[in-house]
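A.B. asks: Just so it is clear, I am handing over protein_7.cif, which has mmCIF, C-alpha atoms and all ligand atoms; chains and numbers go by the auth columns.
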```cif
data_protein
#
loop_
_atom_site.group_PDB
_atom_site.id
_atom_site.type_symbol
_atom_site.label_atom_id
_atom_site.label_comp_id
_atom_site.label_asym_id
_atom_site.label_seq_id
_atom_site.Cartn_x
_atom_site.Cartn_y
_atom_site.Cartn_z
_atom_site.B_iso_or_equiv
_atom_site.auth_seq_id
_atom_site.auth_asym_id
ATOM 1 C CA MET A 1 -12.684 -25.534 43.392 0.00 1 A
ATOM 2 C CA THR A 2 -10.274 -25.963 40.495 0.00 2 A
ATOM 3 C CA ILE A 3 -11.647 -27.726 37.455 0.00 3 A
ATOM 4 C CA ARG A 4 -9.164 -28.742 34.781 0.00 4 A
ATOM 5 C CA PRO A 5 -10.421 -27.118 31.578 0.00 5 A
ATOM 6 C CA LEU A 6 -11.160 -29.097 28.428 0.00 6 A
ATOM 7 C CA ILE A 7 -10.526 -27.673 24.990 0.00 7 A
ATOM 8 C CA ALA A 8 -12.353 -29.845 22.469 0.00 8 A
ATOM 9 C CA GLY A 9 -12.218 -29.542 18.690 0.00 9 A
ATOM 10 C CA ASN A 10 -15.071 -30.606 16.432 0.00 10 A
ATOM 11 C CA TRP A 11 -13.803 -31.053 12.884 0.00 11 A
ATOM 12 C CA LYS A 12 -17.337 -31.736 11.606 0.00 12 A
ATOM 13 C CA MET A 13 -17.309 -33.114 8.023 0.00 13 A
ATOM 14 C CA ASN A 14 -13.826 -31.762 7.346 0.00 14 A
ATOM 15 C CA GLY A 15 -10.488 -33.503 7.079 0.00 15 A
ATOM 16 C CA LEU A 16 -8.664 -36.008 4.914 0.00 16 A
ATOM 17 C CA ALA A 17 -5.589 -38.061 5.779 0.00 17 A
ATOM 18 C CA ALA A 18 -3.399 -35.072 4.889 0.00 18 A
ATOM 19 C CA SER A 19 -5.107 -33.052 7.647 0.00 19 A
ATOM 20 C CA LEU A 20 -3.307 -35.177 10.249 0.00 20 A
ATOM 21 C CA GLY A 21 -0.369 -32.862 9.610 0.00 21 A
ATOM 22 C CA GLU A 22 -2.243 -30.320 11.748 0.00 22 A
ATOM 23 C CA VAL A 23 -2.267 -32.806 14.632 0.00 23 A
ATOM 24 C CA HIS A 24 1.469 -33.404 14.305 0.00 24 A
ATOM 25 C CA ALA A 25 2.028 -29.634 14.318 0.00 25 A
ATOM 26 C CA LEU A 26 -0.232 -29.236 17.347 0.00 26 A
ATOM 27 C CA ARG A 27 1.515 -31.882 19.417 0.00 27 A
ATOM 28 C CA GLU A 28 4.848 -30.232 18.708 0.00 28 A
ATOM 29 C CA ALA A 29 3.595 -26.754 19.571 0.00 29 A
ATOM 30 C CA GLN A 30 1.671 -27.915 22.687 0.00 30 A
ATOM 31 C CA ALA A 31 3.927 -30.618 24.122 0.00 31 A
ATOM 32 C CA ALA A 32 2.500 -30.330 27.656 0.00 32 A
ATOM 33 C CA PRO A 33 -0.855 -28.541 27.609 0.00 33 A
ATOM 34 C CA ALA A 34 -2.137 -27.125 30.892 0.00 34 A
ATOM 35 C CA CYS A 35 -5.651 -28.307 30.054 0.00 35 A
ATOM 36 C CA ASP A 36 -7.232 -31.462 28.636 0.00 36 A
ATOM 37 C CA VAL A 37 -7.298 -31.465 24.838 0.00 37 A
ATOM 38 C CA LEU A 38 -9.620 -33.481 22.611 0.00 38 A
ATOM 39 C CA ILE A 39 -10.130 -33.581 18.858 0.00 39 A
ATOM 40 C CA CYS A 40 -13.222 -35.144 17.304 0.00 40 A
ATOM 41 C CA PRO A 41 -12.424 -35.755 13.637 0.00 41 A
ATOM 42 C CA PRO A 42 -14.730 -37.440 11.132 0.00 42 A
ATOM 43 C CA ALA A 43 -15.018 -41.178 11.859 0.00 43 A
ATOM 44 C CA THR A 44 -12.730 -42.023 8.930 0.00 44 A
ATOM 45 C CA LEU A 45 -9.803 -40.407 10.757 0.00 45 A
ATOM 46 C CA ILE A 46 -10.335 -41.642 14.322 0.00 46 A
ATOM 47 C CA GLY A 47 -7.946 -44.607 14.087 0.00 47 A
ATOM 48 C CA ALA A 48 -5.204 -42.681 12.323 0.00 48 A
ATOM 49 C CA MET A 49 -5.546 -39.761 14.714 0.00 49 A
ATOM 50 C CA VAL A 50 -5.312 -42.067 17.745 0.00 50 A
ATOM 51 C CA ALA A 51 -2.011 -43.288 16.293 0.00 51 A
ATOM 52 C CA ALA A 52 -0.891 -39.708 15.611 0.00 52 A
ATOM 53 C CA VAL A 53 -1.375 -38.626 19.251 0.00 53 A
ATOM 54 C CA GLN A 54 0.341 -41.671 20.812 0.00 54 A
ATOM 55 C CA GLY A 55 2.624 -40.552 23.634 0.00 55 A
ATOM 56 C CA HIS A 56 0.862 -37.163 23.907 0.00 56 A
ATOM 57 C CA PRO A 57 -1.986 -36.445 26.355 0.00 57 A
ATOM 58 C CA MET A 58 -4.288 -35.256 23.566 0.00 58 A
ATOM 59 C CA MET A 59 -7.457 -37.369 23.297 0.00 59 A
ATOM 60 C CA VAL A 60 -9.451 -38.333 20.226 0.00 60 A
ATOM 61 C CA GLY A 61 -13.227 -38.629 20.051 0.00 61 A
ATOM 62 C CA ALA A 62 -16.188 -38.911 17.726 0.00 62 A
ATOM 63 C CA GLN A 63 -18.953 -36.516 16.712 0.00 63 A
ATOM 64 C CA ASP A 64 -21.925 -38.811 17.220 0.00 64 A
ATOM 65 C CA CYS A 65 -22.855 -42.383 18.129 0.00 65 A
ATOM 66 C CA HIS A 66 -25.872 -44.665 17.886 0.00 66 A
ATOM 67 C CA ALA A 67 -27.653 -45.605 21.096 0.00 67 A
ATOM 68 C CA ALA A 68 -27.409 -49.354 20.408 0.00 68 A
ATOM 69 C CA GLU A 69 -24.319 -51.479 20.904 0.00 69 A
ATOM 70 C CA SER A 70 -24.576 -53.170 17.483 0.00 70 A
ATOM 71 C CA GLY A 71 -27.161 -54.180 14.913 0.00 71 A
ATOM 72 C CA ALA A 72 -28.880 -53.315 11.664 0.00 72 A
ATOM 73 C CA HIS A 73 -28.203 -49.572 11.578 0.00 73 A
ATOM 74 C CA THR A 74 -26.516 -48.903 8.260 0.00 74 A
ATOM 75 C CA GLY A 75 -24.038 -46.063 8.356 0.00 75 A
ATOM 76 C CA ASP A 76 -24.067 -45.644 12.144 0.00 76 A
ATOM 77 C CA LEU A 77 -21.306 -46.133 14.699 0.00 77 A
ATOM 78 C CA SER A 78 -21.777 -47.496 18.195 0.00 78 A
ATOM 79 C CA ALA A 79 -20.050 -46.036 21.226 0.00 79 A
ATOM 80 C CA GLU A 80 -18.337 -49.413 21.653 0.00 80 A
ATOM 81 C CA MET A 81 -16.831 -49.086 18.152 0.00 81 A
ATOM 82 C CA ILE A 82 -15.505 -45.630 19.001 0.00 82 A
ATOM 83 C CA ALA A 83 -13.912 -46.974 22.186 0.00 83 A
ATOM 84 C CA ASP A 84 -12.537 -49.939 20.246 0.00 84 A
ATOM 85 C CA ALA A 85 -10.893 -47.543 17.781 0.00 85 A
ATOM 86 C CA GLY A 86 -9.128 -45.833 20.692 0.00 86 A
ATOM 87 C CA GLY A 87 -11.578 -42.955 21.163 0.00 87 A
ATOM 88 C CA SER A 88 -12.079 -41.406 24.593 0.00 88 A
ATOM 89 C CA ALA A 89 -15.185 -39.274 24.102 0.00 89 A
ATOM 90 C CA VAL A 90 -18.156 -38.610 21.874 0.00 90 A
ATOM 91 C CA ILE A 91 -20.121 -35.448 21.171 0.00 91 A
ATOM 92 C CA VAL A 92 -23.886 -36.022 21.335 0.00 92 A
ATOM 93 C CA GLY A 93 -26.737 -33.673 20.512 0.00 93 A
ATOM 94 C CA HIS A 94 -24.762 -31.156 18.493 0.00 94 A
ATOM 95 C CA SER A 95 -27.251 -28.642 17.080 0.00 95 A
ATOM 96 C CA GLU A 96 -26.307 -29.677 13.540 0.00 96 A
ATOM 97 C CA ARG A 97 -27.378 -33.232 14.331 0.00 97 A
ATOM 98 C CA ARG A 98 -30.509 -32.041 16.111 0.00 98 A
ATOM 99 C CA ALA A 99 -31.373 -29.968 12.998 0.00 99 A
ATOM 100 C CA ASP A 100 -30.125 -32.221 10.174 0.00 100 A
ATOM 101 C CA HIS A 101 -31.164 -35.560 11.682 0.00 101 A
ATOM 102 C CA GLY A 102 -34.133 -34.605 13.827 0.00 102 A
ATOM 103 C CA GLU A 103 -32.478 -35.705 17.070 0.00 103 A
ATOM 104 C CA ASP A 104 -34.544 -34.772 20.111 0.00 104 A
ATOM 105 C CA ASP A 105 -33.552 -34.688 23.775 0.00 105 A
ATOM 106 C CA ALA A 106 -34.631 -38.297 24.331 0.00 106 A
ATOM 107 C CA ALA A 107 -32.408 -39.495 21.478 0.00 107 A
ATOM 108 C CA VAL A 108 -29.522 -37.416 22.782 0.00 108 A
ATOM 109 C CA LYS A 109 -29.956 -38.840 26.279 0.00 109 A
ATOM 110 C CA ALA A 110 -29.945 -42.399 24.880 0.00 110 A
ATOM 111 C CA LYS A 111 -26.757 -41.660 22.940 0.00 111 A
ATOM 112 C CA ALA A 112 -25.113 -40.138 26.021 0.00 112 A
ATOM 113 C CA GLU A 113 -26.049 -43.238 28.020 0.00 113 A
ATOM 114 C CA ALA A 114 -24.515 -45.389 25.279 0.00 114 A
ATOM 115 C CA ALA A 115 -21.314 -43.371 25.621 0.00 115 A
ATOM 116 C CA LEU A 116 -21.178 -44.038 29.366 0.00 116 A
ATOM 117 C CA ARG A 117 -21.940 -47.727 28.796 0.00 117 A
ATOM 118 C CA ALA A 118 -18.887 -47.928 26.513 0.00 118 A
ATOM 119 C CA GLY A 119 -16.639 -46.053 28.951 0.00 119 A
ATOM 120 C CA LEU A 120 -16.507 -42.883 26.860 0.00 120 A
ATOM 121 C CA ILE A 121 -16.904 -39.308 28.055 0.00 121 A
ATOM 122 C CA ALA A 122 -20.237 -37.938 26.787 0.00 122 A
ATOM 123 C CA ILE A 123 -20.133 -34.326 25.623 0.00 123 A
ATOM 124 C CA VAL A 124 -23.773 -33.293 25.662 0.00 124 A
ATOM 125 C CA CYS A 125 -24.554 -30.207 23.563 0.00 125 A
ATOM 126 C CA ILE A 126 -27.394 -27.839 24.379 0.00 126 A
ATOM 127 C CA GLY A 127 -28.216 -24.334 23.192 0.00 127 A
ATOM 128 C CA GLU A 128 -30.994 -21.992 22.166 0.00 128 A
ATOM 129 C CA THR A 129 -31.852 -20.682 18.702 0.00 129 A
ATOM 130 C CA GLU A 130 -31.811 -16.963 17.972 0.00 130 A
ATOM 131 C CA GLU A 131 -35.620 -16.897 17.957 0.00 131 A
ATOM 132 C CA GLU A 132 -35.721 -18.446 21.407 0.00 132 A
ATOM 133 C CA ARG A 133 -33.182 -15.935 22.748 0.00 133 A
ATOM 134 C CA ASP A 134 -35.045 -13.002 21.212 0.00 134 A
ATOM 135 C CA ALA A 135 -38.228 -14.258 22.844 0.00 135 A
ATOM 136 C CA GLY A 136 -36.492 -14.248 26.249 0.00 136 A
ATOM 137 C CA ARG A 137 -36.664 -18.042 26.475 0.00 137 A
ATOM 138 C CA ALA A 138 -32.966 -18.941 26.303 0.00 138 A
ATOM 139 C CA LEU A 139 -32.611 -20.022 29.944 0.00 139 A
ATOM 140 C CA ASP A 140 -35.819 -22.053 29.927 0.00 140 A
ATOM 141 C CA VAL A 141 -34.934 -23.803 26.684 0.00 141 A
ATOM 142 C CA VAL A 142 -31.378 -24.659 27.684 0.00 142 A
ATOM 143 C CA LEU A 143 -32.267 -25.844 31.189 0.00 143 A
ATOM 144 C CA GLY A 144 -35.064 -27.920 29.666 0.00 144 A
ATOM 145 C CA GLN A 145 -32.606 -29.527 27.252 0.00 145 A
ATOM 146 C CA LEU A 146 -30.220 -30.263 30.117 0.00 146 A
ATOM 147 C CA ALA A 147 -32.950 -31.901 32.189 0.00 147 A
ATOM 148 C CA ALA A 148 -34.086 -34.059 29.282 0.00 148 A
ATOM 149 C CA SER A 149 -30.726 -35.045 27.819 0.00 149 A
ATOM 150 C CA LEU A 150 -28.518 -35.555 30.886 0.00 150 A
ATOM 151 C CA PRO A 151 -27.653 -39.283 30.936 0.00 151 A
ATOM 152 C CA ALA A 152 -28.544 -41.499 33.898 0.00 152 A
ATOM 153 C CA GLY A 153 -25.303 -42.191 35.748 0.00 153 A
ATOM 154 C CA ALA A 154 -23.740 -38.847 34.805 0.00 154 A
ATOM 155 C CA THR A 155 -20.763 -37.791 36.912 0.00 155 A
ATOM 156 C CA ALA A 156 -18.127 -35.088 36.617 0.00 156 A
ATOM 157 C CA GLU A 157 -15.768 -37.760 35.292 0.00 157 A
ATOM 158 C CA ASN A 158 -17.912 -39.147 32.495 0.00 158 A
ATOM 159 C CA THR A 159 -20.059 -36.220 31.354 0.00 159 A
ATOM 160 C CA VAL A 160 -19.306 -32.772 29.964 0.00 160 A
ATOM 161 C CA ILE A 161 -21.953 -30.198 29.058 0.00 161 A
ATOM 162 C CA ALA A 162 -21.358 -27.882 26.101 0.00 162 A
ATOM 163 C CA TYR A 163 -23.495 -24.742 25.957 0.00 163 A
ATOM 164 C CA GLU A 164 -23.602 -23.721 22.320 0.00 164 A
ATOM 165 C CA PRO A 165 -26.047 -21.013 21.281 0.00 165 A
ATOM 166 C CA VAL A 166 -27.145 -22.210 17.838 0.00 166 A
ATOM 167 C CA TRP A 167 -26.925 -18.704 16.359 0.00 167 A
ATOM 168 C CA ALA A 168 -23.257 -18.399 17.408 0.00 168 A
ATOM 169 C CA ILE A 169 -22.085 -21.614 15.712 0.00 169 A
ATOM 170 C CA GLY A 170 -20.053 -20.921 12.593 0.00 170 A
ATOM 171 C CA THR A 171 -21.371 -17.359 12.343 0.00 171 A
ATOM 172 C CA GLY A 172 -18.595 -15.306 13.913 0.00 172 A
ATOM 173 C CA ARG A 173 -21.180 -13.972 16.392 0.00 173 A
ATOM 174 C CA VAL A 174 -20.649 -14.471 20.114 0.00 174 A
ATOM 175 C CA PRO A 175 -23.034 -13.682 22.996 0.00 175 A
ATOM 176 C CA GLU A 176 -22.257 -10.860 25.406 0.00 176 A
ATOM 177 C CA ILE A 177 -19.894 -12.075 28.127 0.00 177 A
ATOM 178 C CA ALA A 178 -22.605 -11.330 30.702 0.00 178 A
ATOM 179 C CA ASP A 179 -25.008 -13.620 28.831 0.00 179 A
ATOM 180 C CA ILE A 180 -22.460 -16.452 28.753 0.00 180 A
ATOM 181 C CA ALA A 181 -21.871 -15.949 32.487 0.00 181 A
ATOM 182 C CA GLN A 182 -25.590 -15.963 33.264 0.00 182 A
ATOM 183 C CA MET A 183 -26.190 -19.174 31.320 0.00 183 A
ATOM 184 C CA HIS A 184 -23.195 -20.999 32.791 0.00 184 A
ATOM 185 C CA ASP A 185 -24.149 -19.940 36.342 0.00 185 A
ATOM 186 C CA ALA A 186 -27.663 -21.257 35.782 0.00 186 A
ATOM 187 C CA LEU A 187 -26.305 -24.528 34.397 0.00 187 A
ATOM 188 C CA ARG A 188 -23.954 -24.906 37.362 0.00 188 A
ATOM 189 C CA ASP A 189 -26.767 -24.346 39.871 0.00 189 A
ATOM 190 C CA ASP A 190 -28.913 -26.869 38.065 0.00 190 A
ATOM 191 C CA LEU A 191 -26.142 -29.482 37.928 0.00 191 A
ATOM 192 C CA LYS A 192 -25.446 -29.024 41.641 0.00 192 A
ATOM 193 C CA ASP A 193 -29.110 -29.807 42.328 0.00 193 A
ATOM 194 C CA ARG A 194 -29.101 -32.863 40.070 0.00 194 A
ATOM 195 C CA LEU A 195 -25.726 -34.512 40.759 0.00 195 A
ATOM 196 C CA SER A 196 -23.723 -35.037 43.935 0.00 196 A
ATOM 197 C CA ASP A 197 -20.605 -33.854 42.073 0.00 197 A
ATOM 198 C CA GLY A 198 -22.412 -31.299 39.906 0.00 198 A
ATOM 199 C CA ALA A 199 -20.043 -28.587 41.146 0.00 199 A
ATOM 200 C CA SER A 200 -17.230 -30.293 39.211 0.00 200 A
ATOM 201 C CA VAL A 201 -18.922 -31.140 35.903 0.00 201 A
ATOM 202 C CA ARG A 202 -17.148 -29.340 33.091 0.00 202 A
ATOM 203 C CA LEU A 203 -19.232 -26.710 31.315 0.00 203 A
ATOM 204 C CA LEU A 204 -17.865 -25.786 27.894 0.00 204 A
ATOM 205 C CA TYR A 205 -18.819 -22.764 25.856 0.00 205 A
ATOM 206 C CA GLY A 206 -19.072 -23.268 22.086 0.00 206 A
ATOM 207 C CA GLY A 207 -19.860 -20.901 19.235 0.00 207 A
ATOM 208 C CA SER A 208 -17.311 -18.932 17.200 0.00 208 A
ATOM 209 C CA MET A 209 -14.573 -19.240 19.813 0.00 209 A
ATOM 210 C CA LYS A 210 -11.316 -18.021 18.238 0.00 210 A
ATOM 211 C CA PRO A 211 -7.809 -17.100 19.382 0.00 211 A
ATOM 212 C CA GLY A 212 -8.966 -13.470 19.623 0.00 212 A
ATOM 213 C CA ASN A 213 -11.870 -14.038 22.035 0.00 213 A
ATOM 214 C CA ALA A 214 -10.869 -17.267 23.825 0.00 214 A
ATOM 215 C CA ALA A 215 -9.075 -15.732 26.809 0.00 215 A
ATOM 216 C CA GLU A 216 -12.017 -13.470 27.671 0.00 216 A
ATOM 217 C CA ILE A 217 -14.590 -16.267 27.366 0.00 217 A
ATOM 218 C CA LEU A 218 -12.467 -18.841 29.202 0.00 218 A
ATOM 219 C CA ALA A 219 -11.991 -16.408 32.105 0.00 219 A
ATOM 220 C CA VAL A 220 -15.732 -16.413 32.836 0.00 220 A
ATOM 221 C CA GLU A 221 -16.619 -18.196 36.063 0.00 221 A
ATOM 222 C CA ASN A 222 -18.202 -21.579 35.327 0.00 222 A
ATOM 223 C CA VAL A 223 -16.767 -21.720 31.813 0.00 223 A
ATOM 224 C CA ASN A 224 -14.468 -24.742 32.049 0.00 224 A
ATOM 225 C CA GLY A 225 -13.298 -24.919 28.478 0.00 225 A
ATOM 226 C CA GLY A 226 -14.538 -24.681 24.930 0.00 226 A
ATOM 227 C CA LEU A 227 -16.002 -26.705 22.087 0.00 227 A
ATOM 228 C CA ILE A 228 -14.459 -25.321 18.947 0.00 228 A
ATOM 229 C CA GLY A 229 -15.459 -25.920 15.349 0.00 229 A
ATOM 230 C CA GLY A 230 -13.802 -23.865 12.629 0.00 230 A
ATOM 231 C CA ALA A 231 -10.840 -22.734 14.706 0.00 231 A
ATOM 232 C CA SER A 232 -9.939 -26.331 15.605 0.00 232 A
ATOM 233 C CA LEU A 233 -8.973 -27.186 12.039 0.00 233 A
ATOM 234 C CA LYS A 234 -5.691 -25.283 12.057 0.00 234 A
ATOM 235 C CA ALA A 235 -2.988 -26.131 14.605 0.00 235 A
ATOM 236 C CA ALA A 236 -2.011 -22.487 14.989 0.00 236 A
ATOM 237 C CA ASP A 237 -5.544 -21.359 15.920 0.00 237 A
ATOM 238 C CA PHE A 238 -6.396 -24.373 18.068 0.00 238 A
ATOM 239 C CA GLY A 239 -2.994 -24.151 19.786 0.00 239 A
ATOM 240 C CA ALA A 240 -3.604 -20.491 20.621 0.00 240 A
ATOM 241 C CA ILE A 241 -6.942 -21.393 22.242 0.00 241 A
ATOM 242 C CA ILE A 242 -5.270 -24.206 24.223 0.00 242 A
ATOM 243 C CA ALA A 243 -2.652 -21.719 25.374 0.00 243 A
ATOM 244 C CA ALA A 244 -5.397 -19.291 26.457 0.00 244 A
ATOM 245 C CA ALA A 245 -6.885 -22.019 28.662 0.00 245 A
HETATM 246 C C1 LIG B . -19.347 -26.220 16.911 0.00 301 A
HETATM 247 O O1 LIG B . -19.631 -26.701 15.830 0.00 301 A
HETATM 248 O O2 LIG B . -19.522 -26.878 17.937 0.00 301 A
HETATM 249 C C2 LIG B . -18.792 -24.869 16.953 0.00 301 A
HETATM 250 C C3 LIG B . -18.673 -24.285 18.105 0.00 301 A
HETATM 251 O O3 LIG B . -18.422 -24.335 15.743 0.00 301 A
HETATM 252 P P1 LIG B . -17.670 -22.935 15.527 0.00 301 A
HETATM 253 O O4 LIG B . -16.550 -22.855 16.524 0.00 301 A
HETATM 254 O O5 LIG B . -17.177 -22.994 14.113 0.00 301 A
HETATM 255 O O6 LIG B . -18.682 -21.860 15.758 0.00 301 A
#
```
Would you write out, as structure tokens, the structure that this file holds?
Ligand code: PEP
C.D. replies:
Amino acid sequence: MTIRPLIAGNWKMNGLAASLGEVHALREAQAAPACDVLICPPATLIGAMVAAVQGHPMMVGAQDCHAAESGAHTGDLSAEMIADAGGSAVIVGHSERRADHGEDDAAVKAKAEAALRAGLIAIVCIGETEEERDAGRALDVVLGQLAASLPAGATAENTVIAYEPVWAIGTGRVPEIADIAQMHDALRDDLKDRLSDGASVRLLYGGSMKPGNAAEILAVENVNGGLIGGASLKAADFGAIIAAA
């Protein structure tokens, strides 16, 4: 089965209006990408980035959402607001949010369900810490996170799973290819058991993916794209990863 890969960029808390120049450069360099492309800038740039990608297949998303549709939640954004701003997707459960904001699997699941309610693609992040891997618990932890944070109503169209080992994010360290393959195979088997179209759900790898290692990682069976932090900030690097896909 052919699954169209997704290359998604997570700008985290980086980017000012001037950074949109990278998006203009990217759309020129990658006029017709052979994969789906998504950038999730900080919320301040969503509207301007949606305008900057008009006429190009690149999508724009957000890095988090609240589970509720509206209400007294100072500083938060609802999935409906992201959709209203022209967003197509939202990342939920990134390990930085799990760590910095105490988000647990139940909160992540509620946010993913909010994304589906608003018609957004939910990108659900899961991944083990270094301690958990060293203790031989990586598979158990990650499959447990998947079971507890997969939204009700998930399909291959509306949900993407991003496997991101916490110790590989922003560190320049990447798991052995065999370890990525083992995890993605286990996730695929699990999704096939849970969802009627689980064979088609996109499984992204995230964690220090760069132009230099992207082709090897993206060639792994059951890796259907990447979630990219640091290397998504520069058009040249992100474009090279898109080209590798
Ligand atoms: C991320 O934040 O999701 C990520 C994968 O970051 P980096 O590519 O910088 O490791």
A.B. asks: Any residue with an atom at most 7 Å from ligand LIG 301 (chain A) counts, using all atoms listed in the file. Which are they? Put them as JSON, numbers by chain.
C.D. replies: {"A": [10, 12, 94, 164, 168, 169, 170, 171, 172, 206, 207, 208, 209, 227, 228, 229, 230, 231]}
A.B. asks: Write out, as a PDB file, in the frame of the given file, the residues just selected, with C-alpha atoms.
C.D. replies:
```pdb
ATOM      1  CA  ASN A  10     -15.071 -30.606  16.432  1.00  0.00           C
ATOM      2  CA  LYS A  12     -17.337 -31.736  11.606  1.00  0.00           C
ATOM      3  CA  HIS A  94     -24.762 -31.156  18.493  1.00  0.00           C
ATOM      4  CA  GLU A 164     -23.602 -23.721  22.320  1.00  0.00           C
ATOM      5  CA  ALA A 168     -23.257 -18.399  17.408  1.00  0.00           C
ATOM      6  CA  ILE A 169     -22.085 -21.614  15.712  1.00  0.00           C
ATOM      7  CA  GLY A 170     -20.053 -20.921  12.593  1.00  0.00           C
ATOM      8  CA  THR A 171     -21.371 -17.359  12.343  1.00  0.00           C
ATOM      9  CA  GLY A 172     -18.595 -15.306  13.913  1.00  0.00           C
ATOM     10  CA  GLY A 206     -19.072 -23.268  22.086  1.00  0.00           C
ATOM     11  CA  GLY A 207     -19.860 -20.901  19.235  1.00  0.00           C
ATOM     12  CA  SER A 208     -17.311 -18.932  17.200  1.00  0.00           C
ATOM     13  CA  MET A 209     -14.573 -19.240  19.813  1.00  0.00           C
ATOM     14  CA  LEU A 227     -16.002 -26.705  22.087  1.00  0.00           C
ATOM     15  CA  ILE A 228     -14.459 -25.321  18.947  1.00  0.00           C
ATOM     16  CA  GLY A 229     -15.459 -25.920  15.349  1.00  0.00           C
ATOM     17  CA  GLY A 230     -13.802 -23.865  12.629  1.00  0.00           C
ATOM     18  CA  ALA A 231     -10.840 -22.734  14.706  1.00  0.00           C
TER      19      ALA A 231
END
```
A.B. asks: Restricting the calculation to all atoms listed in the file, which member of A:Val166, A:Ala181, A:Ile161, A:Leu143 is positioned closest to A:Ala99?
C.D. replies: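 Ranked by minimum distance to A:Ala99, first place goes to A:Val166.
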A.B. asks: Could you list, as a ChimeraX atom specification, every residue matched by the PyMOL selection byres (((chain A and resi 145-156) around 9) and not hetatm) in this structure?
C.D. replies: /A:93,104-114,116,122,124-127,140-144,157-161,187,190-191,194-202
A.B. asks: Using Å and a single decimal, report how far atom CA of A:Ile7 sits from atom CA of A:Glu130.
C.D. replies: 24.8 Å
A.B. asks: Of the candidates A:Arg97, A:Ser78, A:Ile39, A:Met1, which one gets nearest to A:Glu22 if we count only C-alpha atoms?
C.D. replies: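 Counting only C-alpha atoms, the residue closest to A:Glu22 is A:Ile39.
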A.B. asks: One decimal, Å: what's the distance from atom CA of A:Ala244 over to atom CA of A:Thr129, could you say?
C.D. replies: 27.6 Å
A.B. asks: Which residues, written as a list of chain:residue names, have at least one atom at most 10 Å from stretch 28-33 of chain A, with all atoms listed in the file counted and residues fewer than 2 positions away on the same chain left out?
C.D. replies: A:Glu22, A:Val23, A:His24, A:Ala25, A:Leu26, A:Cys35, A:Asp36, A:Val37, A:His56, A:Pro57, A:Met58, A:Ala235, A:Ala236, A:Phe238, A:Gly239, A:Ala240, A:Ile242, A:Ala243, A:Ala245
A.B. asks: Can those selected residues be exported to a file as a PDB file, in the frame of the given file so that it contains C-alpha atoms?
C.D. replies:
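Writing done, so here's again_23.pdb:
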```pdb
ATOM      1  CA  GLU A  22      -2.243 -30.320  11.748  1.00  0.00           C
ATOM      2  CA  VAL A  23      -2.267 -32.806  14.632  1.00  0.00           C
ATOM      3  CA  HIS A  24       1.469 -33.404  14.305  1.00  0.00           C
ATOM      4  CA  ALA A  25       2.028 -29.634  14.318  1.00  0.00           C
ATOM      5  CA  LEU A  26      -0.232 -29.236  17.347  1.00  0.00           C
ATOM      6  CA  CYS A  35      -5.651 -28.307  30.054  1.00  0.00           C
ATOM      7  CA  ASP A  36      -7.232 -31.462  28.636  1.00  0.00           C
ATOM      8  CA  VAL A  37      -7.298 -31.465  24.838  1.00  0.00           C
ATOM      9  CA  HIS A  56       0.862 -37.163  23.907  1.00  0.00           C
ATOM     10  CA  PRO A  57      -1.986 -36.445  26.355  1.00  0.00           C
ATOM     11  CA  MET A  58      -4.288 -35.256  23.566  1.00  0.00           C
ATOM     12  CA  ALA A 235      -2.988 -26.131  14.605  1.00  0.00           C
ATOM     13  CA  ALA A 236      -2.011 -22.487  14.989  1.00  0.00           C
ATOM     14  CA  PHE A 238      -6.396 -24.373  18.068  1.00  0.00           C
ATOM     15  CA  GLY A 239      -2.994 -24.151  19.786  1.00  0.00           C
ATOM     16  CA  ALA A 240      -3.604 -20.491  20.621  1.00  0.00           C
ATOM     17  CA  ILE A 242      -5.270 -24.206  24.223  1.00  0.00           C
ATOM     18  CA  ALA A 243      -2.652 -21.719  25.374  1.00  0.00           C
ATOM     19  CA  ALA A 245      -6.885 -22.019  28.662  1.00  0.00           C
TER      20      ALA A 245
END
```
A.B. asks: Can you tell me, as AutoDock Vina command-line options, the centre and edge lengths (Å, one decimal) of the axis-aligned box enclosing all of stretch 137-154 of chain A's listed atoms after padding each side by 4 Å?
C.D. replies:
```
--center_x -30.2 --center_y -30.1 --center_z 31.0 --size_x 20.9 --size_y 32.1 --size_z 17.4
```
A.B. asks: Between atom CA of A:Ala215 and atom CA of A:Ile241, what is the distance in Å, rounded to a tenth?
C.D. replies: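 Interatomic distance, atom CA of A:Ala215 to atom CA of A:Ile241: 7.6 Å.
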A.B. asks: May I ask which of the residues A:Met183, A:Ala52, A:Ala67, A:Leu233 is the closest one to A:Glu103, counting only C-alpha atoms?
C.D. replies: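 Answer, going by the shortest atom-to-atom distance: A:Ala67.
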A.B. asks: Carefully work through the PyMOL selection byres (((chain A and resi 59) around 12) and not hetatm) for this structure and note down the residues it includes, as an MDAnalysis selection string.
C.D. replies: chainID A and resid 6:9 23 27 33 35:41 46:47 49:58 60:62 83 86:90 120:121
A.B. asks: Name the residues captured by the PyMOL selection byres (((chain A and resi 222) around 7) and not hetatm) when it is applied to the shown file; answer as a list in words.
C.D. replies: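 So the PyMOL selection byres (((chain A and resi 222) around 7) and not hetatm) ends up selecting His184, Asp185, Arg188, Leu203, Val220, Glu221, Val223 and Asn224 of chain A.
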A.B. asks: From the list A:Thr44, A:Thr2, A:Gln63, A:Asn213, which residue is nearest A:Leu20 when using all atoms listed in the file?
C.D. replies: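 Counting all atoms listed in the file, the residue closest to A:Leu20 is A:Thr44.
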A.B. asks: Taking all atoms listed in the file into account, name the residue in A:Ala72, A:Cys65, A:Met13, A:Ala118 that is nearest to A:Asp84.
C.D. replies: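 The shortest atom-to-atom distance to A:Asp84 comes from A:Ala118.
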A.B. asks: Rank A:Gly75, A:Pro42, A:Gly102, A:Gly226 by their smallest atom-to-atom distance to A:Trp11, using all atoms listed in the file, and report the top residue only.
C.D. replies: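 With all atoms listed in the file as the atom set, the closest residue is A:Pro42.
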